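Undergrad: One structure, pasted below without further comment.
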Amino acid sequence: MQQIVNFLIRNKNFLLFLLLLSLSLLFTIQSHNYHKSKFVSSTNFLSGGVYGWRYSISSYFNLKQENERLLKENEHLRNLTHLYLKDTLENSRYIDTVSFTSPFTFIKANVYKNDYSKSDNYILINRGEKDGIQPDMAVITDQGIIGIVENTSTNYSRVISILHSESTINAGLQKSNQYGSLVWNGKDPNIVQLETIPRQAVLKKGDTIVTNGRSTIFPKGIGIGTISDYRLDQSQSYYLIDVTLFNDMTNIGFVYAIKSNDAEEIKKLENPNE
Amino acid sequence: MNNNVLLYIGRFIILILVQVFILNHINFLGYLNPFIYIIFILLAPITIRKSVFFLLSFILGLTMDMFGDSGGVHAAACLIIAYTRPVVLRSVFGLSYEFQTVKLNTLGIGERLTYVTLLVFIHHLVLFSLEIFNFSHILLILKKTLFTSLFSIVVIMLILVLFRRKDS
């Protein structure tokens, strides 16, 4: 016993080093596991607050650009509402106010931190549980998809960017129903890869890729990007497609988190035992 | 002594803020960001107690991880250079380190450069290996380590020259 204690005292520095090292390796390994990295994240009040402080200064630099984007989106939405308005006037459709809830609710948020140069990138947004953000909600901009909420605190949430080695999102062609999964190879922050599109699909450069609504996370038909290049994979039965994103992932100002109101119902149907 | 502790605390905070606010957003050539916060470890006093030094390095790294959402990669890299620093010091400075007479501020530029290069390279190698965490990407790891190290070393040497303390 005496010897053990002596040993511990003699090597206390080395043991401390080992302890701290294993702790940091634990955090590292956890961060490489999808949906597991809860301990060390930027959603805490210190880093969230510091990033908020930075945002309050840096947001002034892009005001003009952001304004232009908002105007464009407004123009688009205004055109849409007119289309629907005309429709309802002519056919005198009525709105069923009893079941007025739409399947998706949008929550606006500002981006506090955005990475794109690493192989696993995260985005910090300034909305949290307080505003109804929950893990597994989709995050988009007016132009296209951004990622999926992974981790929330009271005031902030962390989003797994589509530029993340573990991120896979269901996506497909706009003009047909074939779909595959969207991944990122870690190279160019403006180009992601679409895998497992069957060979039968008819492709052309410039075709639009959208979300296909098969998961409960993303609504159907949200834009992702256009095909910039495609080739057959090794098995010669699937296409590997390079997709140029609509979003400029290096410059995201504001985003919308999408809450799926039917998600629970759908999940219950799919897994009745839980 | 008190003055020195204040200096180290101030250096700790300023280095983290500069790293998080400015240097993490440089993205030179698309992905190069210099990591200068390890100046804190480079300039820690040689007579510091080992246990305190390990703990401080760990906290420094973990703070960077918190801001960068990178799990524990910075913490691990910082710990490893804190652990290897005595070895590097001994191999670079030889006898004068054994007698603990080395003053980091009064070294010749050559010795300083060797010291900084060795530690920065070890730090970046550990950092990128853990961050990418995939041995099939070993070329990417080496490429990132090499170029980011060069960038970091240049910036760190500039900072060390610019902010040299006159009194020591």
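Please note that chains go A, B, ... in the order of the structure tokens, that every chain numbers its residues from 1, and that ligands are numbered from 1 in the order shown.
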Please report as a VMD selection string which residues of chain A come no farther than 9 Å from chain B, using only C-alpha atoms.
TA: chain A and resid 12 to 14 16 to 17 20 to 32 37 39 to 44 47 to 48 51 54 113 115 to 123 158 188 to 189
Undergrad: Could the residues in this selection be written to a file with N, CA and C atoms, as a CSV table (one decimal), in the first residue's frame?
TA:
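Contents of the output file result.csv:
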```csv
chain,number,residue,atom,x,y,z
A,12,LYS,N,3.0,11.9,-10.0
A,12,LYS,CA,1.7,12.6,-10.0
A,12,LYS,C,1.6,13.5,-11.2
A,13,ASN,N,2.7,14.1,-11.7
A,13,ASN,CA,2.7,14.9,-12.9
A,13,ASN,C,2.3,14.1,-14.1
A,14,PHE,N,2.9,13.0,-14.2
A,14,PHE,CA,2.7,12.1,-15.4
A,14,PHE,C,1.2,11.6,-15.4
A,16,LEU,N,-1.3,13.1,-13.9
A,16,LEU,CA,-2.2,14.2,-14.2
A,16,LEU,C,-2.2,14.4,-15.8
A,17,PHE,N,-1.0,14.3,-16.4
A,17,PHE,CA,-1.0,14.5,-17.8
A,17,PHE,C,-1.8,13.4,-18.5
A,20,LEU,N,-5.6,14.2,-18.0
A,20,LEU,CA,-6.1,15.3,-18.9
A,20,LEU,C,-6.1,14.9,-20.3
A,21,LEU,N,-5.1,14.1,-20.7
A,21,LEU,CA,-5.0,13.7,-22.1
A,21,LEU,C,-6.2,12.8,-22.5
A,22,SER,N,-6.4,11.8,-21.6
A,22,SER,CA,-7.5,10.9,-21.9
A,22,SER,C,-8.9,11.7,-21.9
A,23,LEU,N,-9.0,12.7,-21.1
A,23,LEU,CA,-10.2,13.5,-21.1
A,23,LEU,C,-10.4,14.2,-22.4
A,24,SER,N,-9.3,14.8,-22.9
A,24,SER,CA,-9.4,15.5,-24.2
A,24,SER,C,-9.6,14.5,-25.3
A,25,LEU,N,-9.0,13.3,-25.2
A,25,LEU,CA,-9.3,12.3,-26.3
A,25,LEU,C,-10.7,11.9,-26.3
A,26,LEU,N,-11.3,11.8,-25.0
A,26,LEU,CA,-12.7,11.4,-24.9
A,26,LEU,C,-13.5,12.4,-25.6
A,27,PHE,N,-13.3,13.7,-25.3
A,27,PHE,CA,-14.1,14.8,-26.0
A,27,PHE,C,-13.9,14.7,-27.5
A,28,THR,N,-12.7,14.4,-28.0
A,28,THR,CA,-12.4,14.3,-29.4
A,28,THR,C,-13.2,13.2,-30.0
A,29,ILE,N,-13.2,12.0,-29.4
A,29,ILE,CA,-13.9,10.9,-30.0
A,29,ILE,C,-15.3,11.1,-30.0
A,30,GLN,N,-15.8,11.8,-28.9
A,30,GLN,CA,-17.2,12.1,-28.9
A,30,GLN,C,-17.6,13.0,-30.0
A,31,SER,N,-16.8,14.0,-30.2
A,31,SER,CA,-17.1,15.0,-31.2
A,31,SER,C,-17.2,14.3,-32.6
A,32,HIS,N,-16.5,13.2,-32.8
A,32,HIS,CA,-16.6,12.5,-34.1
A,32,HIS,C,-17.8,11.6,-34.2
A,37,SER,N,-21.7,14.9,-29.2
A,37,SER,CA,-20.8,15.9,-28.6
A,37,SER,C,-21.5,16.9,-27.8
A,39,PHE,N,-20.6,17.8,-24.4
A,39,PHE,CA,-19.9,18.4,-23.3
A,39,PHE,C,-19.3,19.8,-23.7
A,40,VAL,N,-18.5,19.7,-24.7
A,40,VAL,CA,-17.8,20.9,-25.1
A,40,VAL,C,-18.5,21.5,-26.4
A,41,SER,N,-19.2,22.5,-26.2
A,41,SER,CA,-19.8,23.1,-27.4
A,41,SER,C,-20.0,24.6,-27.2
A,42,SER,N,-20.1,25.3,-28.3
A,42,SER,CA,-20.1,26.8,-28.2
A,42,SER,C,-21.5,27.3,-27.8
A,43,THR,N,-22.4,26.5,-27.4
A,43,THR,CA,-23.7,27.0,-27.1
A,43,THR,C,-23.8,27.5,-25.6
A,44,ASN,N,-22.7,27.4,-24.9
A,44,ASN,CA,-22.8,27.9,-23.5
A,44,ASN,C,-22.8,29.4,-23.4
A,47,SER,N,-19.1,31.5,-24.5
A,47,SER,CA,-18.8,31.6,-25.9
A,47,SER,C,-19.9,32.2,-26.7
A,48,GLY,N,-21.2,31.8,-26.4
A,48,GLY,CA,-22.3,32.4,-27.0
A,48,GLY,C,-22.3,33.9,-26.9
A,51,TYR,N,-19.5,35.5,-28.9
A,51,TYR,CA,-19.8,35.5,-30.3
A,51,TYR,C,-20.9,36.6,-30.6
A,54,ARG,N,-19.4,39.9,-30.8
A,54,ARG,CA,-18.7,40.1,-32.1
A,54,ARG,C,-19.7,40.3,-33.2
A,113,LYS,N,-21.8,32.2,-35.5
A,113,LYS,CA,-20.5,31.7,-35.9
A,113,LYS,C,-20.6,30.7,-37.0
A,115,ASP,N,-18.3,28.1,-39.5
A,115,ASP,CA,-17.0,27.6,-40.0
A,115,ASP,C,-17.2,27.0,-41.4
A,116,TYR,N,-16.2,27.0,-42.2
A,116,TYR,CA,-16.2,26.2,-43.4
A,116,TYR,C,-14.9,25.7,-43.8
A,117,SER,N,-13.8,25.9,-43.0
A,117,SER,CA,-12.5,25.5,-43.5
A,117,SER,C,-12.1,24.2,-42.9
A,118,LYS,N,-12.8,23.7,-41.9
A,118,LYS,CA,-12.4,22.4,-41.3
A,118,LYS,C,-13.1,21.3,-42.0
A,119,SER,N,-12.9,20.0,-41.4
A,119,SER,CA,-13.6,18.9,-42.1
A,119,SER,C,-14.9,18.6,-41.4
A,120,ASP,N,-15.1,19.1,-40.1
A,120,ASP,CA,-16.4,19.0,-39.5
A,120,ASP,C,-16.7,20.4,-39.1
A,121,ASN,N,-17.7,21.0,-39.7
A,121,ASN,CA,-18.1,22.4,-39.5
A,121,ASN,C,-19.4,22.5,-38.8
A,122,TYR,N,-19.4,23.5,-37.9
A,122,TYR,CA,-20.7,23.8,-37.1
A,122,TYR,C,-21.0,25.2,-37.3
A,123,ILE,N,-22.3,25.5,-37.1
A,123,ILE,CA,-22.8,26.9,-37.1
A,123,ILE,C,-23.5,27.2,-35.8
A,158,ARG,N,-26.6,24.9,-31.8
A,158,ARG,CA,-25.5,24.5,-32.7
A,158,ARG,C,-26.0,23.7,-33.9
A,188,ASP,N,-14.1,21.4,-51.1
A,188,ASP,CA,-14.5,22.8,-51.5
A,188,ASP,C,-15.8,23.1,-50.8
A,189,PRO,N,-15.8,24.3,-50.0
A,189,PRO,CA,-17.0,24.6,-49.2
A,189,PRO,C,-18.2,25.0,-50.1
```
Undergrad: List the spatial neighbours of stretch 211-223 of chain A as a PyMOL selection string - criterion: any atom at most 6 Å away, only C-alpha atoms, same-chain residues fewer than 2 positions off excluded.
TA: chain A and resi 137-138+144+171-172+263
Undergrad: Using N, CA and C atoms, can you write the selected residues to a file as a compact mmCIF listing (two decimals), in the first residue's frame?
TA:
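Output (result.txt):
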```txt
# COMPACT_ATOMS: atom_id res chain seq x y z
N MET A 137 -34.05 19.80 -35.96
CA MET A 137 -34.82 20.69 -36.82
C MET A 137 -33.94 21.09 -38.00
N ALA A 138 -34.60 21.33 -39.13
CA ALA A 138 -33.85 21.73 -40.34
C ALA A 138 -33.53 23.21 -40.30
N GLY A 144 -31.28 28.13 -49.90
CA GLY A 144 -31.15 26.68 -49.85
C GLY A 144 -30.87 26.18 -48.46
N ALA A 171 -31.68 13.74 -50.55
CA ALA A 171 -31.91 14.74 -51.58
C ALA A 171 -32.12 14.05 -52.89
N GLY A 172 -32.75 14.71 -53.82
CA GLY A 172 -33.02 14.09 -55.10
C GLY A 172 -33.13 15.10 -56.22
N ALA A 263 -43.90 15.80 -37.21
CA ALA A 263 -42.82 14.84 -37.03
C ALA A 263 -43.17 13.76 -36.02
```
Undergrad: So which residues touch stretch 241-248 of chain A within 10 Å, counting only C-alpha atoms, skipping near sequence neighbours fewer than 6 positions away, as a ChimeraX atom specification?
TA: /A:140-146,180,182-184,188-197,203,205-209,223-233
Undergrad: Take the residues from that selection and put them in a file with N, CA and C atoms, as an mmCIF file, in the first residue's frame.
TA:
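Dumped to result_12.cif:
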```cif
data_model
loop_
_atom_site.group_PDB
_atom_site.id
_atom_site.type_symbol
_atom_site.label_atom_id
_atom_site.label_comp_id
_atom_site.auth_asym_id
_atom_site.auth_seq_id
_atom_site.Cartn_x
_atom_site.Cartn_y
_atom_site.Cartn_z
ATOM 1 N N ILE A 140 -32.443 26.413 -42.935
ATOM 2 C CA ILE A 140 -32.275 26.811 -44.324
ATOM 3 C C ILE A 140 -32.072 28.325 -44.408
ATOM 4 N N THR A 141 -31.670 28.811 -45.567
ATOM 5 C CA THR A 141 -31.734 30.246 -45.818
ATOM 6 C C THR A 141 -32.797 30.446 -46.895
ATOM 7 N N ASP A 142 -32.904 31.680 -47.371
ATOM 8 C CA ASP A 142 -33.866 31.919 -48.446
ATOM 9 C C ASP A 142 -33.460 31.183 -49.710
ATOM 10 N N GLN A 143 -32.162 30.828 -49.831
ATOM 11 C CA GLN A 143 -31.705 30.212 -51.080
ATOM 12 C C GLN A 143 -31.657 28.686 -51.028
ATOM 13 N N GLY A 144 -31.281 28.134 -49.899
ATOM 14 C CA GLY A 144 -31.152 26.678 -49.854
ATOM 15 C C GLY A 144 -30.868 26.179 -48.457
ATOM 16 N N ILE A 145 -30.507 24.876 -48.376
ATOM 17 C CA ILE A 145 -30.363 24.278 -47.062
ATOM 18 C C ILE A 145 -29.000 24.608 -46.453
ATOM 19 N N ILE A 146 -28.949 24.590 -45.126
ATOM 20 C CA ILE A 146 -27.742 24.885 -44.366
ATOM 21 C C ILE A 146 -27.315 23.669 -43.550
ATOM 22 N N GLY A 180 -30.990 10.297 -53.477
ATOM 23 C CA GLY A 180 -29.787 9.727 -52.901
ATOM 24 C C GLY A 180 -29.448 10.467 -51.628
ATOM 25 N N LEU A 182 -26.881 13.184 -49.574
ATOM 26 C CA LEU A 182 -25.989 14.299 -49.811
ATOM 27 C C LEU A 182 -24.886 14.271 -48.759
ATOM 28 N N VAL A 183 -23.638 14.205 -49.192
ATOM 29 C CA VAL A 183 -22.501 14.191 -48.259
ATOM 30 C C VAL A 183 -21.482 15.232 -48.705
ATOM 31 N N TRP A 184 -20.429 15.386 -47.905
ATOM 32 C CA TRP A 184 -19.386 16.356 -48.276
ATOM 33 C C TRP A 184 -18.030 15.703 -48.158
ATOM 34 N N ASP A 188 -14.101 21.432 -51.137
ATOM 35 C CA ASP A 188 -14.529 22.776 -51.518
ATOM 36 C C ASP A 188 -15.807 23.138 -50.763
ATOM 37 N N PRO A 189 -15.821 24.255 -50.027
ATOM 38 C CA PRO A 189 -17.022 24.578 -49.243
ATOM 39 C C PRO A 189 -18.231 24.969 -50.092
ATOM 40 N N ASN A 190 -18.090 25.064 -51.392
ATOM 41 C CA ASN A 190 -19.267 25.392 -52.197
ATOM 42 C C ASN A 190 -19.766 24.218 -53.023
ATOM 43 N N ILE A 191 -19.107 23.066 -52.888
ATOM 44 C CA ILE A 191 -19.508 21.899 -53.676
ATOM 45 C C ILE A 191 -19.714 20.703 -52.746
ATOM 46 N N VAL A 192 -20.899 20.107 -52.784
ATOM 47 C CA VAL A 192 -21.158 18.897 -52.011
ATOM 48 C C VAL A 192 -21.435 17.752 -52.985
ATOM 49 N N GLN A 193 -21.470 16.532 -52.455
ATOM 50 C CA GLN A 193 -21.613 15.361 -53.313
ATOM 51 C C GLN A 193 -22.941 14.667 -53.060
ATOM 52 N N LEU A 194 -23.571 14.239 -54.133
ATOM 53 C CA LEU A 194 -24.805 13.467 -54.025
ATOM 54 C C LEU A 194 -24.491 12.048 -54.475
ATOM 55 N N GLU A 195 -24.763 11.079 -53.557
ATOM 56 C CA GLU A 195 -24.401 9.693 -53.852
ATOM 57 C C GLU A 195 -25.640 8.845 -54.057
ATOM 58 N N THR A 196 -25.418 7.653 -54.591
ATOM 59 C CA THR A 196 -26.425 6.610 -54.766
ATOM 60 C C THR A 196 -27.659 7.064 -55.535
ATOM 61 N N ILE A 197 -27.463 7.892 -56.525
ATOM 62 C CA ILE A 197 -28.535 8.124 -57.502
ATOM 63 C C ILE A 197 -28.424 6.997 -58.529
ATOM 64 N N LEU A 203 -29.561 12.553 -66.306
ATOM 65 C CA LEU A 203 -28.934 13.729 -65.700
ATOM 66 C C LEU A 203 -28.440 14.679 -66.765
ATOM 67 N N LYS A 205 -25.948 18.465 -66.800
ATOM 68 C CA LYS A 205 -25.312 19.513 -65.997
ATOM 69 C C LYS A 205 -26.266 20.686 -65.880
ATOM 70 N N GLY A 206 -26.361 21.246 -64.669
ATOM 71 C CA GLY A 206 -27.256 22.378 -64.472
ATOM 72 C C GLY A 206 -28.605 21.985 -63.926
ATOM 73 N N ASP A 207 -28.893 20.665 -63.830
ATOM 74 C CA ASP A 207 -30.150 20.226 -63.219
ATOM 75 C C ASP A 207 -30.199 20.617 -61.747
ATOM 76 N N THR A 208 -31.403 20.885 -61.262
ATOM 77 C CA THR A 208 -31.544 21.328 -59.884
ATOM 78 C C THR A 208 -31.715 20.145 -58.944
ATOM 79 N N ILE A 209 -31.028 20.195 -57.810
ATOM 80 C CA ILE A 209 -31.157 19.182 -56.757
ATOM 81 C C ILE A 209 -31.939 19.811 -55.605
ATOM 82 N N GLY A 223 -34.476 24.068 -52.121
ATOM 83 C CA GLY A 223 -33.359 24.035 -53.059
ATOM 84 C C GLY A 223 -32.044 23.692 -52.395
ATOM 85 N N ILE A 224 -31.189 22.959 -53.089
ATOM 86 C CA ILE A 224 -29.847 22.676 -52.579
ATOM 87 C C ILE A 224 -28.802 23.259 -53.521
ATOM 88 N N GLY A 225 -28.869 22.877 -54.795
ATOM 89 C CA GLY A 225 -27.879 23.399 -55.736
ATOM 90 C C GLY A 225 -28.119 22.846 -57.124
ATOM 91 N N THR A 226 -27.129 23.040 -57.988
ATOM 92 C CA THR A 226 -27.242 22.522 -59.339
ATOM 93 C C THR A 226 -26.099 21.557 -59.614
ATOM 94 N N ILE A 227 -26.341 20.619 -60.525
ATOM 95 C CA ILE A 227 -25.322 19.623 -60.876
ATOM 96 C C ILE A 227 -24.197 20.318 -61.633
ATOM 97 N N SER A 228 -22.954 20.176 -61.126
ATOM 98 C CA SER A 228 -21.846 20.760 -61.864
ATOM 99 C C SER A 228 -21.028 19.684 -62.565
ATOM 100 N N ASP A 229 -21.135 18.443 -62.071
ATOM 101 C CA ASP A 229 -20.370 17.363 -62.685
ATOM 102 C C ASP A 229 -20.959 16.037 -62.214
ATOM 103 N N TYR A 230 -20.893 14.982 -63.052
ATOM 104 C CA TYR A 230 -21.341 13.670 -62.585
ATOM 105 C C TYR A 230 -20.587 12.575 -63.301
ATOM 106 N N ARG A 231 -20.447 11.427 -62.599
ATOM 107 C CA ARG A 231 -19.792 10.265 -63.189
ATOM 108 C C ARG A 231 -20.331 9.031 -62.488
ATOM 109 N N LEU A 232 -20.076 7.846 -63.085
ATOM 110 C CA LEU A 232 -20.521 6.604 -62.451
ATOM 111 C C LEU A 232 -19.523 6.196 -61.386
ATOM 112 N N ASP A 233 -19.971 5.554 -60.309
ATOM 113 C CA ASP A 233 -19.036 5.124 -59.273
ATOM 114 C C ASP A 233 -18.428 3.773 -59.660
#
```
Undergrad: With only C-alpha atoms as the atoms that count, which of A:Pro272, A:Gly253, A:Pro198, A:Gly132 lies nearest to A:Thr105?
TA: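 Looking only at the distances to A:Thr105, the closest residue turns out to be A:Gly132.
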Undergrad: Out of stretch 17-263 of chain A, which residues get strand (DSSP E or B) from DSSP, as a PyMOL selection string?
TA: chain A and resi 104-114+120-125+138-140+145-152+157-164+169-173+179-183+191-198+208-211+223-232+238-245+254-260
Undergrad: Excluding B:Arg11 and its own-chain neighbours fewer than 2 positions away, which residues fall within 12 Å of it when counting only C-alpha atoms? Please give them as a list in words.
TA: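 The filter keeps Asn4, Val5, Leu6, Leu7, Tyr8, Ile9, Ile13, Ile14, Leu15, Ile16, Leu17, Val18, Gln19, Ile36, Tyr37, Ile38, Ile39, Phe40, Ile41, Leu42, Leu43, Ala44, Leu60 and Phe163 of chain B.
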Undergrad: Could you turn the residues from that selection into a file that holds N, CA and C atoms, as a PDB file, in the first residue's frame?
TA:
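What ended up in selection11.pdb:
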```pdb
ATOM      1  N   ASN B   4       3.630  39.465 -12.355  1.00  0.00           N
ATOM      2  CA  ASN B   4       3.804  38.435 -13.368  1.00  0.00           C
ATOM      3  C   ASN B   4       2.536  37.621 -13.567  1.00  0.00           C
ATOM      4  N   VAL B   5       1.857  37.262 -12.451  1.00  0.00           N
ATOM      5  CA  VAL B   5       0.629  36.477 -12.566  1.00  0.00           C
ATOM      6  C   VAL B   5      -0.405  37.251 -13.364  1.00  0.00           C
ATOM      7  N   LEU B   6      -0.535  38.549 -13.066  1.00  0.00           N
ATOM      8  CA  LEU B   6      -1.464  39.395 -13.815  1.00  0.00           C
ATOM      9  C   LEU B   6      -1.099  39.395 -15.294  1.00  0.00           C
ATOM     10  N   LEU B   7       0.196  39.490 -15.566  1.00  0.00           N
ATOM     11  CA  LEU B   7       0.657  39.498 -16.958  1.00  0.00           C
ATOM     12  C   LEU B   7       0.230  38.220 -17.664  1.00  0.00           C
ATOM     13  N   TYR B   8       0.381  37.065 -16.986  1.00  0.00           N
ATOM     14  CA  TYR B   8       0.036  35.804 -17.627  1.00  0.00           C
ATOM     15  C   TYR B   8      -1.463  35.678 -17.841  1.00  0.00           C
ATOM     16  N   ILE B   9      -2.241  36.145 -16.845  1.00  0.00           N
ATOM     17  CA  ILE B   9      -3.698  36.090 -17.021  1.00  0.00           C
ATOM     18  C   ILE B   9      -4.112  36.960 -18.206  1.00  0.00           C
ATOM     19  N   ILE B  13      -6.012  35.751 -21.770  1.00  0.00           N
ATOM     20  CA  ILE B  13      -7.288  36.245 -22.296  1.00  0.00           C
ATOM     21  C   ILE B  13      -7.093  36.911 -23.657  1.00  0.00           C
ATOM     22  N   ILE B  14      -6.055  37.752 -23.766  1.00  0.00           N
ATOM     23  CA  ILE B  14      -5.863  38.482 -25.025  1.00  0.00           C
ATOM     24  C   ILE B  14      -5.571  37.517 -26.174  1.00  0.00           C
ATOM     25  N   LEU B  15      -4.733  36.505 -25.899  1.00  0.00           N
ATOM     26  CA  LEU B  15      -4.412  35.556 -26.965  1.00  0.00           C
ATOM     27  C   LEU B  15      -5.661  34.839 -27.446  1.00  0.00           C
ATOM     28  N   ILE B  16      -6.525  34.414 -26.491  1.00  0.00           N
ATOM     29  CA  ILE B  16      -7.740  33.707 -26.901  1.00  0.00           C
ATOM     30  C   ILE B  16      -8.638  34.621 -27.729  1.00  0.00           C
ATOM     31  N   LEU B  17      -8.802  35.875 -27.267  1.00  0.00           N
ATOM     32  CA  LEU B  17      -9.694  36.784 -27.993  1.00  0.00           C
ATOM     33  C   LEU B  17      -9.162  37.062 -29.397  1.00  0.00           C
ATOM     34  N   VAL B  18      -7.852  37.312 -29.496  1.00  0.00           N
ATOM     35  CA  VAL B  18      -7.278  37.586 -30.819  1.00  0.00           C
ATOM     36  C   VAL B  18      -7.466  36.371 -31.727  1.00  0.00           C
ATOM     37  N   GLN B  19      -7.225  35.172 -31.177  1.00  0.00           N
ATOM     38  CA  GLN B  19      -7.374  33.961 -31.966  1.00  0.00           C
ATOM     39  C   GLN B  19      -8.807  33.786 -32.457  1.00  0.00           C
ATOM     40  N   ILE B  36      -2.014  31.136 -32.983  1.00  0.00           N
ATOM     41  CA  ILE B  36      -0.977  31.837 -32.232  1.00  0.00           C
ATOM     42  C   ILE B  36      -1.203  31.720 -30.726  1.00  0.00           C
ATOM     43  N   TYR B  37      -2.333  31.144 -30.306  1.00  0.00           N
ATOM     44  CA  TYR B  37      -2.607  31.127 -28.867  1.00  0.00           C
ATOM     45  C   TYR B  37      -1.593  30.295 -28.097  1.00  0.00           C
ATOM     46  N   ILE B  38      -0.838  29.415 -28.807  1.00  0.00           N
ATOM     47  CA  ILE B  38       0.141  28.600 -28.084  1.00  0.00           C
ATOM     48  C   ILE B  38       1.343  29.425 -27.632  1.00  0.00           C
ATOM     49  N   ILE B  39       1.397  30.713 -27.999  1.00  0.00           N
ATOM     50  CA  ILE B  39       2.434  31.591 -27.445  1.00  0.00           C
ATOM     51  C   ILE B  39       2.410  31.529 -25.920  1.00  0.00           C
ATOM     52  N   PHE B  40       1.200  31.370 -25.371  1.00  0.00           N
ATOM     53  CA  PHE B  40       1.082  31.254 -23.917  1.00  0.00           C
ATOM     54  C   PHE B  40       1.930  30.094 -23.387  1.00  0.00           C
ATOM     55  N   ILE B  41       1.869  28.962 -24.096  1.00  0.00           N
ATOM     56  CA  ILE B  41       2.650  27.802 -23.657  1.00  0.00           C
ATOM     57  C   ILE B  41       4.133  28.024 -23.945  1.00  0.00           C
ATOM     58  N   LEU B  42       4.431  28.636 -25.098  1.00  0.00           N
ATOM     59  CA  LEU B  42       5.829  28.878 -25.464  1.00  0.00           C
ATOM     60  C   LEU B  42       6.516  29.781 -24.451  1.00  0.00           C
ATOM     61  N   LEU B  43       5.798  30.784 -23.951  1.00  0.00           N
ATOM     62  CA  LEU B  43       6.423  31.787 -23.096  1.00  0.00           C
ATOM     63  C   LEU B  43       6.195  31.547 -21.609  1.00  0.00           C
ATOM     64  N   ALA B  44       5.592  30.407 -21.251  1.00  0.00           N
ATOM     65  CA  ALA B  44       5.397  30.135 -19.825  1.00  0.00           C
ATOM     66  C   ALA B  44       6.770  30.071 -19.151  1.00  0.00           C
ATOM     67  N   LEU B  60      -6.509  26.147 -21.554  1.00  0.00           N
ATOM     68  CA  LEU B  60      -6.321  26.961 -22.762  1.00  0.00           C
ATOM     69  C   LEU B  60      -6.871  26.243 -23.995  1.00  0.00           C
ATOM     70  N   PHE B 163       6.414  42.277 -29.758  1.00  0.00           N
ATOM     71  CA  PHE B 163       6.021  42.508 -28.364  1.00  0.00           C
ATOM     72  C   PHE B 163       7.109  42.067 -27.392  1.00  0.00           C
TER      73      PHE B 163
END
```
Undergrad: Pull the helix (DSSP H, G or I) assignments for stretch 61-193 of chain A out of DSSP run on the backbone, and list those residues as a VMD selection string.
TA: chain A and resid 61 to 91 129 to 131
